[in-house]
>>> print(open('start02.csv').read())   # CSV, C-alpha atoms and all ligand atoms
chain,number,residue,atom,x,y,z
A,58,MET,CA,-7.5,12.3,1.5
A,59,ILE,CA,-10.5,10.3,0.3
A,60,LEU,CA,-12.1,13.3,-1.0
A,61,SER,CA,-15.4,12.6,-2.6
A,62,ALA,CA,-15.9,10.3,0.3
A,63,LEU,CA,-16.5,13.6,2.1
A,64,SER,CA,-19.4,14.7,0.0
A,65,PRO,CA,-22.0,13.6,2.6
A,66,LEU,CA,-20.3,16.1,4.9
A,67,LEU,CA,-22.1,18.8,3.0
A,68,ARG,CA,-25.0,17.9,5.2
A,69,VAL,CA,-22.9,18.3,8.4
A,70,PRO,CA,-22.5,22.0,9.1
A,71,LEU,CA,-19.3,21.6,11.2
A,72,LEU,CA,-17.4,19.9,8.4
A,73,ALA,CA,-19.2,21.4,5.5
A,74,ASN,CA,-16.1,23.0,4.2
A,75,LEU,CA,-14.3,19.7,3.8
A,76,THR,CA,-15.1,19.4,0.1
A,77,ARG,CA,-12.6,18.0,-2.3
A,78,ASP,CA,-11.7,21.4,-3.6
A,79,SER,CA,-11.1,22.8,-0.1
A,80,LEU,CA,-9.0,19.8,0.8
A,81,LEU,CA,-6.9,20.4,-2.2
A,82,LYS,CA,-6.3,23.9,-1.2
A,83,MET,CA,-5.1,22.9,2.3
A,84,ASP,CA,-1.5,21.9,3.1
A,85,ALA,CA,-1.4,18.2,2.1
A,86,GLU,CA,-0.7,16.9,5.6
A,87,THR,CA,-3.5,19.0,7.2
A,88,ALA,CA,-5.9,17.7,4.5
A,89,HIS,CA,-4.9,14.1,5.3
A,90,GLY,CA,-5.5,14.7,9.0
A,91,ALA,CA,-8.9,16.1,8.3
A,92,THR,CA,-9.8,13.1,6.2
A,93,ILE,CA,-8.7,10.6,8.9
A,94,ASN,CA,-10.8,12.6,11.4
A,95,ALA,CA,-13.9,12.6,9.1
A,96,LEU,CA,-13.5,8.8,8.8
A,97,ARG,CA,-13.1,8.3,12.5
A,98,LEU,CA,-16.3,10.3,13.0
A,99,GLY,CA,-18.1,7.9,10.7
A,100,LEU,CA,-18.7,10.4,8.0
A,101,ALA,CA,-17.6,8.3,5.0
A,102,PRO,CA,-20.2,6.6,2.8
A,103,GLU,CA,-20.5,2.9,3.1
A,104,GLN,CA,-20.6,0.6,0.0
A,105,ASP,CA,-24.2,-0.3,-0.4
A,106,TYR,CA,-24.0,-3.1,-3.0
A,107,PRO,CA,-22.3,-6.5,-2.9
A,108,ASP,CA,-19.0,-6.7,-4.7
A,109,PRO,CA,-19.2,-8.2,-8.2
A,110,PRO,CA,-18.6,-12.0,-8.1
A,111,GLU,CA,-16.0,-11.5,-10.8
A,112,LEU,CA,-13.7,-9.9,-8.2
A,113,LYS,CA,-13.8,-12.5,-5.5
A,114,THR,CA,-10.1,-13.5,-5.0
A,115,THR,CA,-8.0,-15.9,-3.0
A,116,LEU,CA,-4.6,-14.4,-2.2
A,117,ALA,CA,-2.0,-16.3,-0.2
A,118,GLY,CA,-4.9,-18.2,1.5
A,119,LEU,CA,-6.9,-15.0,2.2
A,120,GLU,CA,-10.5,-14.9,0.9
A,121,LEU,CA,-11.0,-11.4,-0.4
A,122,LYS,CA,-14.4,-9.9,-1.4
A,123,SER,CA,-12.4,-7.8,-3.9
A,124,PRO,CA,-8.7,-7.7,-4.7
A,125,ILE,CA,-8.5,-3.9,-4.2
A,126,GLY,CA,-6.8,-2.6,-1.1
A,127,MET,CA,-5.9,0.6,0.6
A,128,ALA,CA,-2.1,0.9,0.5
A,129,ALA,CA,0.1,1.4,3.5
A,130,GLY,CA,0.7,5.0,4.7
A,131,PHE,CA,-2.8,6.3,4.6
A,132,ASP,CA,-3.8,4.9,8.0
A,133,LYS,CA,-0.4,4.6,9.6
A,134,ASN,CA,-1.7,4.2,13.1
A,135,GLY,CA,-4.7,1.9,12.6
A,136,GLU,CA,-7.3,4.5,13.4
A,137,VAL,CA,-9.8,3.8,10.6
A,138,PRO,CA,-9.5,0.3,9.2
A,139,ARG,CA,-13.1,-0.4,9.8
A,140,PRO,CA,-14.5,2.7,8.0
A,141,LEU,CA,-12.1,1.9,5.1
A,142,ALA,CA,-13.4,-1.6,4.9
A,143,LEU,CA,-17.0,-0.4,5.0
A,144,MET,CA,-16.2,2.0,2.1
A,145,GLY,CA,-15.5,-1.1,0.0
A,146,PHE,CA,-11.8,-1.9,0.2
A,147,GLY,CA,-11.2,-5.7,0.2
A,148,MET,CA,-8.0,-5.2,2.2
A,149,VAL,CA,-6.8,-2.4,4.4
A,150,GLU,CA,-3.1,-2.2,5.1
A,151,ILE,CA,-2.2,-0.1,8.2
A,152,GLY,CA,1.3,1.2,9.1
A,153,THR,CA,4.1,1.3,8.6
A,154,VAL,CA,4.4,0.7,12.4
A,155,THR,CA,7.8,0.6,14.1
A,156,PRO,CA,8.5,-0.9,17.6
A,157,ARG,CA,8.8,2.5,19.3
A,158,PRO,CA,6.7,5.5,18.5
A,159,GLN,CA,8.6,8.1,16.4
A,160,THR,CA,7.7,11.6,15.1
A,161,GLY,CA,9.1,11.3,11.6
A,162,ASN,CA,10.8,14.0,9.6
A,163,PRO,CA,10.2,17.8,10.2
A,164,LYS,CA,7.2,19.3,8.4
A,165,PRO,CA,6.5,20.1,5.6
A,166,ARG,CA,7.1,16.5,4.5
A,167,LEU,CA,4.1,15.8,2.1
A,168,PHE,CA,3.8,17.6,-1.2
A,169,ARG,CA,1.4,17.4,-4.2
A,170,VAL,CA,2.7,17.6,-7.7
A,171,GLY,CA,-0.7,18.6,-8.8
A,172,THR,CA,-0.3,19.0,-12.5
A,173,ALA,CA,1.0,15.4,-12.8
A,174,GLU,CA,-1.4,14.0,-10.1
A,175,GLY,CA,1.7,12.9,-8.2
A,176,VAL,CA,2.6,13.0,-4.5
A,177,ILE,CA,6.0,13.3,-2.9
A,178,ASN,CA,6.4,12.3,0.7
A,179,ARG,CA,9.3,12.1,3.2
A,180,MET,CA,7.2,11.3,6.2
A,181,GLY,CA,9.8,9.1,7.7
A,182,PHE,CA,7.6,6.5,9.5
A,183,ASN,CA,5.8,8.8,11.8
A,184,ASN,CA,3.7,6.5,13.9
A,185,ASP,CA,2.5,5.6,17.4
A,186,GLY,CA,4.6,2.4,17.8
A,187,HIS,CA,3.7,-1.2,18.2
A,188,ASP,CA,2.0,-1.1,21.6
A,189,GLU,CA,-0.4,1.7,20.9
A,190,VAL,CA,-1.4,0.5,17.5
A,191,TYR,CA,-1.8,-3.1,18.8
A,192,ARG,CA,-4.1,-1.8,21.5
A,193,ARG,CA,-6.1,0.2,19.1
A,194,LEU,CA,-6.6,-2.7,16.7
A,195,SER,CA,-7.4,-5.3,19.3
A,196,GLY,CA,-11.0,-6.3,19.2
A,197,VAL,CA,-12.0,-4.1,16.2
A,198,ARG,CA,-14.2,-5.9,13.8
A,199,ILE,CA,-12.9,-5.2,10.3
A,200,PRO,CA,-14.9,-6.6,7.4
A,201,ALA,CA,-11.9,-6.9,5.1
A,202,ALA,CA,-8.4,-8.4,5.2
A,203,LEU,CA,-6.3,-6.4,7.7
A,204,GLY,CA,-2.7,-6.0,6.7
A,205,VAL,CA,-0.2,-4.7,9.2
A,206,ASN,CA,2.9,-3.1,7.5
A,207,ILE,CA,5.9,-3.3,9.8
A,208,GLY,CA,9.2,-1.4,9.7
A,209,ALA,CA,12.2,-0.3,11.7
A,210,ASN,CA,12.9,2.7,13.9
A,211,LYS,CA,15.2,5.2,12.3
A,212,ASP,CA,17.6,5.1,15.2
A,213,SER,CA,17.4,1.3,15.7
A,214,ALA,CA,20.7,-0.5,16.3
A,215,ASP,CA,19.3,-3.6,14.6
A,216,PHE,CA,16.8,-3.2,11.8
A,217,THR,CA,16.3,-6.9,11.5
A,218,SER,CA,15.2,-7.4,15.0
A,219,ASP,CA,12.7,-4.5,14.7
A,220,TYR,CA,11.0,-6.5,11.9
A,221,ALA,CA,11.1,-9.7,14.0
A,222,ARG,CA,9.4,-7.9,16.8
A,223,GLY,CA,6.8,-6.6,14.4
A,224,VAL,CA,5.9,-10.2,13.4
A,225,ALA,CA,5.8,-11.3,17.0
A,226,ARG,CA,3.5,-8.4,18.0
A,227,PHE,CA,1.0,-8.5,15.2
A,228,ALA,CA,0.9,-12.1,14.0
A,229,ARG,CA,-2.2,-12.8,16.1
A,230,ILE,CA,-4.3,-9.9,15.0
A,231,ALA,CA,-3.3,-9.3,11.4
A,232,ASP,CA,-4.7,-11.2,8.4
A,233,TYR,CA,-1.3,-10.6,6.7
A,234,LEU,CA,1.9,-8.8,7.5
A,235,THR,CA,4.0,-6.7,5.1
A,236,VAL,CA,7.8,-6.4,5.6
A,237,ASN,CA,8.5,-2.9,4.3
A,238,ILE,CA,12.1,-2.6,3.3
A,239,SER,CA,11.5,0.0,0.5
A,240,SER,CA,10.7,3.3,2.1
A,241,PRO,CA,13.3,5.9,0.9
A,242,ASN,CA,12.8,8.0,4.0
A,243,THR,CA,14.6,5.9,6.6
A,244,PRO,CA,18.4,6.0,5.8
A,245,GLY,CA,19.8,2.5,5.1
A,246,LEU,CA,16.4,0.7,5.1
A,247,ARG,CA,16.5,-0.1,1.4
A,248,ASP,CA,19.9,-1.7,1.8
A,249,LEU,CA,17.9,-4.6,3.2
A,250,GLN,CA,16.9,-5.4,-0.4
A,251,GLN,CA,20.5,-6.6,-1.0
A,252,GLU,CA,21.0,-10.4,-1.2
A,253,ASP,CA,22.8,-11.1,2.0
A,254,SER,CA,20.9,-8.7,4.2
A,255,LEU,CA,17.6,-9.9,2.7
A,256,LYS,CA,18.5,-13.5,3.4
A,257,ARG,CA,19.2,-12.7,7.1
A,258,LEU,CA,16.1,-10.6,7.4
A,259,LEU,CA,13.7,-13.1,5.9
A,260,TYR,CA,15.2,-15.9,8.0
A,261,ALA,CA,14.7,-13.9,11.2
A,262,VAL,CA,11.1,-12.8,10.2
A,263,LEU,CA,9.9,-16.2,9.0
A,264,THR,CA,11.4,-18.0,12.0
A,265,VAL,CA,9.4,-15.8,14.3
A,266,ARG,CA,6.3,-16.4,12.1
A,267,SER,CA,6.8,-20.2,12.3
A,268,LYS,CA,6.6,-20.0,16.1
A,269,SER,CA,3.4,-17.9,16.2
A,270,PRO,CA,0.1,-19.8,16.9
A,271,VAL,CA,-1.4,-19.0,13.5
A,272,ARG,CA,0.5,-19.0,10.2
A,273,VAL,CA,0.0,-15.4,9.1
A,274,PRO,CA,0.9,-14.7,5.4
A,275,VAL,CA,4.0,-12.5,5.1
A,276,PHE,CA,4.5,-10.2,2.1
A,277,LEU,CA,7.7,-8.3,1.2
A,278,LYS,CA,7.3,-4.8,-0.2
A,279,ILE,CA,10.0,-3.7,-2.6
A,280,ALA,CA,11.1,-0.5,-4.4
A,281,PRO,CA,10.5,0.3,-8.0
A,282,ASP,CA,14.1,1.7,-8.2
A,283,LEU,CA,15.7,-1.8,-8.4
A,284,ASP,CA,17.2,-2.8,-11.7
A,285,GLU,CA,16.8,-6.3,-13.2
A,286,VAL,CA,20.0,-7.5,-11.4
A,287,GLY,CA,18.4,-6.4,-8.1
A,288,LEU,CA,15.1,-8.2,-9.0
A,289,ASP,CA,17.1,-11.3,-9.8
A,290,ALA,CA,18.7,-11.2,-6.4
A,291,ILE,CA,15.4,-10.8,-4.6
A,292,ALA,CA,13.7,-13.6,-6.7
A,293,LYS,CA,16.6,-15.9,-5.8
A,294,VAL,CA,16.4,-15.2,-2.1
A,295,VAL,CA,12.7,-15.5,-1.8
A,296,ALA,CA,12.6,-18.8,-3.7
A,297,ASP,CA,14.4,-20.4,-0.8
A,298,THR,CA,12.0,-19.2,1.8
A,299,ASP,CA,8.3,-19.7,2.6
A,300,LEU,CA,7.5,-16.0,2.1
A,301,ASP,CA,3.9,-15.7,0.9
A,302,GLY,CA,4.1,-12.9,-1.6
A,303,LEU,CA,5.5,-9.5,-2.8
A,304,ILE,CA,4.1,-6.0,-3.0
A,305,ILE,CA,5.4,-4.0,-5.9
A,306,SER,CA,6.0,-1.2,-5.4
A,307,ASN,CA,6.7,1.5,-2.9
A,308,THR,CA,7.4,5.1,-4.0
A,309,THR,CA,10.3,6.0,-6.3
A,310,ILE,CA,13.2,8.4,-5.7
A,311,THR,CA,13.4,9.1,-9.4
A,312,ARG,CA,11.9,12.3,-10.8
A,313,ASP,CA,12.1,11.8,-14.6
A,314,ALA,CA,8.3,11.6,-14.8
A,315,VAL,CA,7.8,15.0,-13.1
A,316,ALA,CA,10.9,16.9,-14.2
A,317,GLY,CA,10.4,20.6,-14.0
A,318,LEU,CA,7.1,20.4,-12.2
A,319,GLU,CA,6.1,22.0,-8.9
A,320,ASN,CA,7.6,20.4,-5.9
A,321,ALA,CA,9.6,17.9,-8.0
A,322,GLY,CA,12.7,19.0,-6.3
A,323,GLU,CA,11.4,17.9,-2.9
A,324,LYS,CA,13.3,15.0,-1.4
A,325,GLY,CA,11.3,11.8,-0.7
A,326,GLY,CA,9.3,9.2,-2.6
A,327,LEU,CA,7.2,10.0,-5.6
A,328,SER,CA,3.8,8.2,-5.9
A,329,GLY,CA,0.6,8.6,-8.0
A,330,LYS,CA,0.1,8.8,-11.7
A,331,PRO,CA,3.8,9.5,-12.5
A,332,LEU,CA,4.8,6.2,-10.8
A,333,PHE,CA,2.4,4.1,-12.8
A,334,ASP,CA,4.7,3.0,-15.7
A,335,LEU,CA,7.8,2.3,-13.6
A,336,ALA,CA,5.9,0.3,-10.9
A,337,THR,CA,4.0,-1.7,-13.5
A,338,ILE,CA,7.2,-2.5,-15.5
A,339,ARG,CA,8.9,-3.7,-12.3
A,340,LEU,CA,5.9,-5.8,-11.4
A,341,ALA,CA,5.9,-7.5,-14.8
A,342,GLN,CA,9.6,-8.1,-14.6
A,343,MET,CA,9.2,-9.7,-11.2
A,344,ARG,CA,6.3,-11.8,-12.4
A,345,GLN,CA,8.7,-13.3,-14.9
A,346,ARG,CA,10.9,-14.3,-12.1
A,347,THR,CA,8.5,-15.7,-9.5
A,348,SER,CA,5.1,-17.5,-9.2
A,349,LEU,CA,4.5,-16.0,-5.8
A,350,PRO,CA,1.3,-13.9,-5.3
A,351,ILE,CA,2.1,-10.2,-6.1
A,352,ILE,CA,0.1,-7.2,-5.0
A,353,GLY,CA,0.5,-4.4,-7.6
A,354,VAL,CA,0.7,-0.9,-6.3
A,355,GLY,CA,1.8,2.4,-7.8
A,356,GLY,CA,0.0,5.0,-9.8
A,357,ILE,CA,-3.4,3.3,-10.3
A,358,HIS,CA,-5.8,6.1,-11.1
A,359,SER,CA,-8.5,4.6,-13.3
A,360,PRO,CA,-10.2,1.3,-14.2
A,361,ASP,CA,-7.8,0.9,-17.1
A,362,THR,CA,-4.7,1.3,-15.0
A,363,ALA,CA,-6.1,-1.1,-12.4
A,364,LEU,CA,-6.7,-3.7,-15.1
A,365,ALA,CA,-3.2,-3.1,-16.5
A,366,LYS,CA,-1.7,-4.2,-13.1
A,367,PHE,CA,-3.5,-7.5,-13.3
A,368,GLU,CA,-2.5,-8.0,-16.9
A,369,ALA,CA,1.1,-7.2,-16.0
A,370,GLY,CA,1.0,-10.0,-13.4
A,371,ALA,CA,-0.6,-8.7,-10.2
A,372,ASN,CA,-3.0,-11.0,-8.2
A,373,ALA,CA,-4.4,-8.0,-6.3
A,374,ILE,CA,-3.9,-4.3,-6.2
A,375,GLN,CA,-3.6,-1.4,-3.8
A,376,LEU,CA,-3.9,2.4,-4.2
A,377,TYR,CA,-3.4,5.5,-2.3
A,378,SER,CA,-2.3,8.7,-4.1
A,379,ALA,CA,-5.1,8.8,-6.7
A,380,LEU,CA,-7.6,9.1,-3.9
A,381,VAL,CA,-6.1,12.5,-3.2
A,382,PHE,CA,-7.0,13.8,-6.6
A,383,GLY,CA,-9.9,11.5,-7.7
A,384,GLY,CA,-12.1,10.8,-4.7
A,385,LEU,CA,-13.7,7.6,-3.5
A,386,ASP,CA,-15.9,7.1,-6.5
A,387,LEU,CA,-12.6,5.9,-8.0
A,388,LEU,CA,-12.9,2.7,-6.0
A,389,ASP,CA,-16.4,2.1,-7.3
A,390,ARG,CA,-15.4,2.9,-10.9
A,391,ILE,CA,-12.5,0.5,-10.7
A,392,LYS,CA,-14.7,-2.3,-9.4
A,393,ARG,CA,-17.2,-1.9,-12.1
A,394,GLY,CA,-14.5,-1.5,-14.8
A,395,LEU,CA,-12.7,-4.6,-13.7
A,396,ALA,CA,-15.8,-6.7,-13.6
A,397,ALA,CA,-16.8,-5.5,-17.0
A,398,ALA,CA,-13.3,-6.3,-18.4
A,399,VAL,CA,-13.6,-9.8,-17.0
A,400,ARG,CA,-17.0,-10.3,-18.7
A,401,ASN,CA,-15.9,-8.7,-22.0
A,402,ALA,CA,-13.0,-11.1,-22.2
A,403,GLY,CA,-15.4,-14.0,-21.9
A,404,LYS,CA,-14.1,-15.0,-18.5
A,405,THR,CA,-15.7,-15.3,-15.1
A,406,ASN,CA,-13.0,-14.1,-12.6
A,407,ILE,CA,-10.3,-11.5,-12.5
A,408,ALA,CA,-7.8,-14.2,-11.8
A,409,GLU,CA,-8.1,-15.3,-15.4
A,410,LEU,CA,-6.7,-12.0,-16.6
A,411,VAL,CA,-3.6,-12.1,-14.4
A,412,GLY,CA,-0.4,-12.0,-16.4
A,413,THR,CA,-2.0,-11.8,-19.9
A,414,LYS,CA,0.3,-9.0,-20.8
A,415,THR,CA,3.4,-9.6,-18.6
A,416,ALA,CA,5.8,-9.9,-21.5
A,417,GLU,CA,4.6,-6.7,-23.1
A,418,TRP,CA,5.0,-4.8,-19.8
A,419,ALA,CA,8.3,-6.4,-18.9
A,420,ALA,CA,9.9,-5.3,-22.2
A,421,ARG,CA,9.0,-1.7,-21.7
A,422,ARG,CA,11.7,0.7,-20.6
A,501,LIG,C1,1.9,10.0,2.2
A,501,LIG,C2,2.4,8.6,1.9
A,501,LIG,C3,2.8,7.9,2.9
A,501,LIG,C4,3.2,6.5,2.7
A,501,LIG,N1,3.6,5.8,3.8
A,501,LIG,C5,4.0,4.5,3.6
A,501,LIG,C6,4.3,3.6,4.7
A,501,LIG,O1,4.3,4.1,5.8
A,501,LIG,N2,4.7,2.3,4.4
A,501,LIG,C7,4.6,1.8,3.1
A,501,LIG,O2,4.9,0.6,2.9
A,501,LIG,N3,4.3,2.6,2.1
A,501,LIG,C8,3.9,3.9,2.3
A,501,LIG,N4,3.6,4.7,1.2
A,501,LIG,C9,3.6,4.1,-0.2
A,501,LIG,C10,2.2,3.6,-0.6
A,501,LIG,O3,1.8,2.5,0.2
A,501,LIG,C11,2.3,3.1,-2.1
A,501,LIG,O4,3.2,2.0,-2.2
A,501,LIG,C12,2.8,4.2,-3.0
A,501,LIG,O5,2.2,5.4,-2.7
A,501,LIG,C13,2.4,3.9,-4.5
A,501,LIG,O6,1.0,3.8,-4.6
A,501,LIG,P1,0.1,5.0,-5.2
A,501,LIG,O7,0.8,5.6,-6.4
A,501,LIG,O8,-1.3,4.5,-5.4
A,501,LIG,O9,0.1,6.0,-4.0
A,501,LIG,C14,3.2,6.0,1.4
A,501,LIG,C15,2.7,6.8,0.4
A,501,LIG,C16,2.3,8.1,0.6
A,501,LIG,C17,1.8,8.9,-0.6
>>> encode(input="start02.csv", output="structure tokens", more="lines below")
Ligand SMILES: Cc1cc2nc3c(=O)[nH]c(=O)nc-3n(C[C@H](O)[C@H](O)[C@H](O)COP(=O)(O)O)c2cc1C
Amino acid sequence: MILSALSPLLRVPLLANLTRDSLLKMDAETAHGATINALRLGLAPEQDYPDPPELKTTLAGLELKSPIGMAAGFDKNGEVPRPLALMGFGMVEIGTVTPRPQTGNPKPRLFRVGTAEGVINRMGFNNDGHDEVYRRLSGVRIPAALGVNIGANKDSADFTSDYARGVARFARIADYLTVNISSPNTPGLRDLQQEDSLKRLLYAVLTVRSKSPVRVPVFLKIAPDLDEVGLDAIAKVVADTDLDGLIISNTTITRDAVAGLENAGEKGGLSGKPLFDLATIRLAQMRQRTSLPIIGVGGIHSPDTALAKFEAGANAIQLYSALVFGGLDLLDRIKRGLAAAVRNAGKTNIAELVGTKTAEWAARR
């Protein structure tokens, strides 16, 4: 779905019809498959300039060339982390991966809300499972931080142990792990965000991490649909652990931002532009409750919205849906825009803009 990334394909007769417009005309999941294939074939452009020094970031001990990552769900099976890194992402998060392979929900399960630049998905963790993805990633050189996002099988008798297995499996090859308890498409998964379940889950996950030969940073990815009481509970639980950071947020089950628009009635999680305000408000509200590193995700679609995430309190950002509508030059524009914002503020690094507008964002409703 990285559409303008495909413009060099115009020189490749076989794939010449994979322009941004033609991808937007295809069924959304077919278009996504075509994009993954194009990346696998090495047809994406590579970034040909060094990242601006203003964007160099340390995140939970990770040294990042830039704090802009590909969010989970784009490369669920770890097929194209290297091309994504070469395109210029400072982190690439693959997954969600579950212990056993699973097919996910019946198709269609991915929809565009085109007029709002939103996406609704109810994929349901379709993926190849731990063993296959581990095998695929082993030995691949990825010039970016590799995140592995782990989850639970839909029919698992014990969600917590699925996450523990994910840590055991990927701790050695991932630069960081994400414990994803916020997908709306696996029934019961988001209940893990409740205080007692979360305590048990993090205890199990971090105990396994403590036994792995390297200390891989672990992030927890949460939903934007939590209220402030829910955020309080999470902040309280994580304060008593050695979790490394939070990712805020996953998709929303709310539809206020797309009411009456095409596909708005489809079940699943909404992402893209219509998620931006909600996800940024939750990010700021969590920033007021924790000093842990936070990766801000949800609705970034321009240099300004990328900057807003940092101002709201993010230490790094990820994006996905906007690439469906905007194309890869978005990544380039965001980098240049952020670097310019740093300089215009009289600063030298993006870290100095983190949290400068947290209170403003947190107070929004
Ligand atoms: C088609 C699709 C599949 C996704 N799959 C996953 C997933 O497997 N695991 C996960 O943690 N997030 C998943 N996400 C959520 C994204 O990682 C991200 O949190 C969300 O889309 C908000 O960012 P965006 O508005 O930039 O897309 C998925 C999103 C989309 C659109």
>>> closest_atom_pairs(input="start02.csv", of="chain A", to="ligand LIG 501 (chain A)", cutoff="7 Å", atoms="all atoms listed in the file", output="JSON lines")
{"residue": "A:Ala128", "atom": "CA", "partner": "A:LIG501", "partner_atom": "O3", "distance": 4.2}
{"residue": "A:Ala129", "atom": "CA", "partner": "A:LIG501", "partner_atom": "O3", "distance": 3.9}
{"residue": "A:Gly130", "atom": "CA", "partner": "A:LIG501", "partner_atom": "N1", "distance": 3.1}
{"residue": "A:Phe131", "atom": "CA", "partner": "A:LIG501", "partner_atom": "C3", "distance": 6.1}
{"residue": "A:Lys133", "atom": "CA", "partner": "A:LIG501", "partner_atom": "O1", "distance": 6.1}
{"residue": "A:Gly152", "atom": "CA", "partner": "A:LIG501", "partner_atom": "O1", "distance": 5.3}
{"residue": "A:Thr153", "atom": "CA", "partner": "A:LIG501", "partner_atom": "O1", "distance": 4.0}
{"residue": "A:Leu167", "atom": "CA", "partner": "A:LIG501", "partner_atom": "C1", "distance": 6.2}
{"residue": "A:Val176", "atom": "CA", "partner": "A:LIG501", "partner_atom": "C17", "distance": 5.7}
{"residue": "A:Ile177", "atom": "CA", "partner": "A:LIG501", "partner_atom": "C17", "distance": 6.5}
{"residue": "A:Asn178", "atom": "CA", "partner": "A:LIG501", "partner_atom": "C1", "distance": 5.3}
{"residue": "A:Met180", "atom": "CA", "partner": "A:LIG501", "partner_atom": "C3", "distance": 6.5}
{"residue": "A:Phe182", "atom": "CA", "partner": "A:LIG501", "partner_atom": "O1", "distance": 5.5}
{"residue": "A:Asn206", "atom": "CA", "partner": "A:LIG501", "partner_atom": "O2", "distance": 6.2}
{"residue": "A:Asn237", "atom": "CA", "partner": "A:LIG501", "partner_atom": "O2", "distance": 5.2}
{"residue": "A:Ser240", "atom": "CA", "partner": "A:LIG501", "partner_atom": "C7", "distance": 6.4}
{"residue": "A:Lys278", "atom": "CA", "partner": "A:LIG501", "partner_atom": "O2", "distance": 6.7}
{"residue": "A:Ser306", "atom": "CA", "partner": "A:LIG501", "partner_atom": "O4", "distance": 5.3}
{"residue": "A:Asn307", "atom": "CA", "partner": "A:LIG501", "partner_atom": "O4", "distance": 3.6}
{"residue": "A:Thr308", "atom": "CA", "partner": "A:LIG501", "partner_atom": "C12", "distance": 4.8}
{"residue": "A:Ser328", "atom": "CA", "partner": "A:LIG501", "partner_atom": "O7", "distance": 4.0}
{"residue": "A:Gly329", "atom": "CA", "partner": "A:LIG501", "partner_atom": "O7", "distance": 3.4}
{"residue": "A:Lys330", "atom": "CA", "partner": "A:LIG501", "partner_atom": "O7", "distance": 6.2}
{"residue": "A:Leu332", "atom": "CA", "partner": "A:LIG501", "partner_atom": "O7", "distance": 6.0}
{"residue": "A:Phe333", "atom": "CA", "partner": "A:LIG501", "partner_atom": "O7", "distance": 6.8}
{"residue": "A:Val354", "atom": "CA", "partner": "A:LIG501", "partner_atom": "O6", "distance": 5.0}
{"residue": "A:Gly355", "atom": "CA", "partner": "A:LIG501", "partner_atom": "O6", "distance": 3.6}
{"residue": "A:Gly356", "atom": "CA", "partner": "A:LIG501", "partner_atom": "O7", "distance": 3.5}
{"residue": "A:Ile357", "atom": "CA", "partner": "A:LIG501", "partner_atom": "O8", "distance": 5.5}
{"residue": "A:Gln375", "atom": "CA", "partner": "A:LIG501", "partner_atom": "O8", "distance": 6.5}
{"residue": "A:Leu376", "atom": "CA", "partner": "A:LIG501", "partner_atom": "O8", "distance": 3.6}
{"residue": "A:Tyr377", "atom": "CA", "partner": "A:LIG501", "partner_atom": "O8", "distance": 3.9}
{"residue": "A:Ser378", "atom": "CA", "partner": "A:LIG501", "partner_atom": "O9", "distance": 3.6}
{"residue": "A:Ala379", "atom": "CA", "partner": "A:LIG501", "partner_atom": "O8", "distance": 5.9}
>>> atom_distance(input="start02.csv", atom1="atom CA of Val197 of chain A", atom2="atom CA of Leu96 of chain A")
14.9 Å
>>> closest_residue(input="start02.csv", among="A:Gly135, A:Pro140, A:Gly171, A:Gly90", to="Asn184 of chain A", atoms="all atoms listed in the file")
A:Gly135
>>> residues_around(input="start02.csv", residues="Pro109 of chain A", least_positions_apart="2", cutoff="8 Å", atoms="only C-alpha atoms", output="list of chain:residue names")
A:Pro107, A:Glu111, A:Leu112, A:Lys113, A:Lys392, A:Arg393, A:Ala396
>>> closest_residue(input="start02.csv", among="A:Lys268, A:His358, A:Arg166, A:Arg193", to="Leu388 of chain A", atoms="all atoms listed in the file")
A:His358
>>> closest_residue(input="start02.csv", among="A:Asp132, A:Asp299, A:Asp248, A:Asp219", to="His187 of chain A", atoms="all atoms listed in the file")
A:Asp219
>>> residues_around(input="start02.csv", residues="Thr264 of chain A", least_positions_apart="6", cutoff="10 Å", atoms="all atoms listed in the file", output="ChimeraX atom specification")
/A:221,224,258
>>> closest_residue(input="start02.csv", among="A:Ala85, A:Ala290, A:Leu259, A:Leu364", to="Lys164 of chain A", atoms="all atoms listed in the file")
A:Ala85
>>> residues_around(input="start02.csv", residues="Arg157 of chain A", least_positions_apart="4", cutoff="9 Å", atoms="all atoms listed in the file", output="VMD selection string")
chain A and resid 184 to 188 209 to 210
>>> residues_around(input="start02.csv", residues="Gly204 of chain A", least_positions_apart="6", cutoff="9 Å", atoms="all atoms listed in the file", output="list of chain:residue names")
A:Ala129, A:Met148, A:Val149, A:Glu150, A:Ile151, A:Gly152, A:Ala231, A:Asp232, A:Tyr233, A:Leu234, A:Thr235
>>> closest_residue(input="start02.csv", among="A:Gln250, A:Asn401, A:Asn406, A:Asn320", to="Arg169 of chain A", atoms="only C-alpha atoms")
A:Asn320
>>> atom_distance(input="start02.csv", atom1="atom CA of Arg222 of chain A", atom2="atom CA of Ile238 of chain A")
14.8 Å
